[in-house]
Amino acid sequence: QISVFLPMVSKQSGHIYYVSPNGSDNNPGSRNLPWKTLTKAASMLEPGDIVYVRGGVYQEAVEFSRSGTSEDSIQIIAYPGETPIIDGNNFTLPGNNGGSLLEISGNFNFVSGLEVRYSSYLGVLVNGVHSIANKINSHHNLHSGMRIAGEHSIIEYSKVWSNDMQNY
């Protein structure tokens, strides 16, 4: 049996879930039976919950709109040693009407360790209150790589490069 240390950013009072490109959205979101999409995870999370995102490519636009609290944030974290990639499928997602591949619109959310690439518009939009985008690698998006609009929110330790691809 192999033990893996899974870091938690703050105290955890909710559930721990998992997402993997090899999962199914009909699964319970456990380590052995993970969900397949970030969209499924976004619809299920409650204050205090943590979702570990396994490495691989997720071709979907996702909005984390559910809110944590100041005592129990919602945490969306890359599984240790793995790189989850949110991919815009060669500039076709999230569509022609604007939007972003990764939107953090809920309050008190912590998102860490994701790569976001090839969006047809924005890579990442943080417009929740007291939310943190941490260690995000956002590149080759048609417009801005990351945009922040939420009060008291933070983008930290992130890489934003080769965006505004419409100008290339």
# chains A, B, ... in the order shown; residues from 1 in each chain; ligands from 1
call {"tool": "residues_around", "arguments": {"residues": "stretch 139-152 of chain A", "least_positions_apart": "5", "cutoff": "7 Å", "atoms": "only C-alpha atoms", "output": "PyMOL selection string"}}
result
chain A and resi 116-130+160-166
call {"tool": "closest_atom_pairs", "arguments": {"of": "stretch 39-150 of chain A", "to": "stretch 154-158 of chain A", "cutoff": "6 Å", "atoms": "only C-alpha atoms", "output": "CSV"}}
result
residue,atom,partner,partner_atom,distance
A:Ile132,CA,A:Ile154,CA,4.8
A:Ala133,CA,A:Ile155,CA,4.8
A:Asn134,CA,A:Glu156,CA,5.0
A:Lys135,CA,A:Ser158,CA,4.3
A:Ile136,CA,A:Ser158,CA,4.7
A:Asn137,CA,A:Ser158,CA,5.8
call {"tool": "residues_around", "arguments": {"residues": "A:Glu60", "least_positions_apart": "2", "cutoff": "12 Å", "atoms": "only C-alpha atoms", "output": "PyMOL selection string"}}
result
chain A and resi 21+36-40+57-58+62-63+85-95+100-103+116-120+123
call {"tool": "residues_around", "arguments": {"residues": "A:Arg54", "least_positions_apart": "5", "cutoff": "6 Å", "atoms": "only C-alpha atoms", "output": "list in words"}}
result
Val19, Ser20, Tyr79 and Pro84 of chain A
call {"tool": "closest_residue", "arguments": {"among": "A:Lys159, A:Ile74, A:Pro80, A:Ser112", "to": "A:Leu45", "atoms": "only C-alpha atoms"}}
result
A:Ile74
call {"tool": "atom_distance", "arguments": {"atom1": "atom CA of A:Ile104", "atom2": "atom CA of A:Ser30"}}
result
23.1 Å
call {"tool": "residues_around", "arguments": {"residues": "A:Asn22", "least_positions_apart": "5", "cutoff": "9 Å", "atoms": "only C-alpha atoms", "output": "list of chain:residue names"}}
result
A:Pro34, A:Trp35, A:Lys36, A:Gly56
call {"tool": "residues_around", "arguments": {"residues": "A:Ala78", "least_positions_apart": "5", "cutoff": "9 Å", "atoms": "only C-alpha atoms", "output": "list in words"}}
result
Val51, Tyr52, Val53, Arg54, Gly55, Thr83, Pro84, Val111, Ser112, Gly113 and Leu114 of chain A
call {"tool": "write_last_selection", "arguments": {"atoms": "N, CA and C atoms", "output": "PDB file, in the first residue's frame"}}
result
ATOM      1  N   VAL A  51     -11.498  19.462  -3.296  1.00  0.00           N
ATOM      2  CA  VAL A  51     -11.465  18.554  -4.438  1.00  0.00           C
ATOM      3  C   VAL A  51     -10.032  18.527  -4.964  1.00  0.00           C
ATOM      4  N   TYR A  52      -9.492  17.327  -5.070  1.00  0.00           N
ATOM      5  CA  TYR A  52      -8.174  17.115  -5.656  1.00  0.00           C
ATOM      6  C   TYR A  52      -8.371  16.774  -7.126  1.00  0.00           C
ATOM      7  N   VAL A  53      -7.714  17.545  -7.996  1.00  0.00           N
ATOM      8  CA  VAL A  53      -7.855  17.368  -9.435  1.00  0.00           C
ATOM      9  C   VAL A  53      -6.636  16.609  -9.940  1.00  0.00           C
ATOM     10  N   ARG A  54      -6.894  15.425 -10.474  1.00  0.00           N
ATOM     11  CA  ARG A  54      -5.809  14.585 -10.992  1.00  0.00           C
ATOM     12  C   ARG A  54      -5.274  15.156 -12.296  1.00  0.00           C
ATOM     13  N   GLY A  55      -4.049  14.808 -12.631  1.00  0.00           N
ATOM     14  CA  GLY A  55      -3.408  15.276 -13.844  1.00  0.00           C
ATOM     15  C   GLY A  55      -4.112  14.761 -15.085  1.00  0.00           C
ATOM     16  N   THR A  83      -0.274  17.570 -12.975  1.00  0.00           N
ATOM     17  CA  THR A  83      -0.685  18.837 -13.570  1.00  0.00           C
ATOM     18  C   THR A  83      -2.009  18.683 -14.303  1.00  0.00           C
ATOM     19  N   PRO A  84      -3.083  19.158 -13.708  1.00  0.00           N
ATOM     20  CA  PRO A  84      -4.353  19.186 -14.422  1.00  0.00           C
ATOM     21  C   PRO A  84      -4.368  20.363 -15.403  1.00  0.00           C
ATOM     22  N   VAL A 111      -8.109  28.102  -5.395  1.00  0.00           N
ATOM     23  CA  VAL A 111      -7.833  27.247  -6.545  1.00  0.00           C
ATOM     24  C   VAL A 111      -6.328  27.249  -6.758  1.00  0.00           C
ATOM     25  N   SER A 112      -5.716  26.056  -6.836  1.00  0.00           N
ATOM     26  CA  SER A 112      -4.257  26.001  -6.907  1.00  0.00           C
ATOM     27  C   SER A 112      -3.752  24.888  -7.818  1.00  0.00           C
ATOM     28  N   GLY A 113      -2.719  25.220  -8.608  1.00  0.00           N
ATOM     29  CA  GLY A 113      -1.958  24.213  -9.335  1.00  0.00           C
ATOM     30  C   GLY A 113      -2.494  23.820 -10.700  1.00  0.00           C
ATOM     31  N   LEU A 114      -3.398  24.591 -11.275  1.00  0.00           N
ATOM     32  CA  LEU A 114      -3.984  24.237 -12.569  1.00  0.00           C
ATOM     33  C   LEU A 114      -3.274  24.969 -13.705  1.00  0.00           C
TER      34      LEU A 114
END
call {"tool": "residues_around", "arguments": {"residues": "A:Ser67", "least_positions_apart": "4", "cutoff": "7 Å", "atoms": "only C-alpha atoms", "output": "ChimeraX atom specification"}}
result
/A:47,74,106-109
call {"tool": "atom_distance", "arguments": {"atom1": "atom CA of A:Ser13", "atom2": "atom CA of A:Asp49"}}
result
7.0 Å
call {"tool": "atom_distance", "arguments": {"atom1": "atom CA of A:His15", "atom2": "atom CA of A:Gly29"}}
result
9.9 Å
call {"tool": "select_by_dssp", "arguments": {"residues": "chain A", "states": "helix (DSSP H, G or I)", "output": "ChimeraX atom specification"}}
result
/A:38-44,165-167
call {"tool": "closest_residue", "arguments": {"among": "A:Ser131, A:Ser105, A:Gly48, A:Ile76", "to": "A:Phe64", "atoms": "only C-alpha atoms"}}
result
A:Ser105
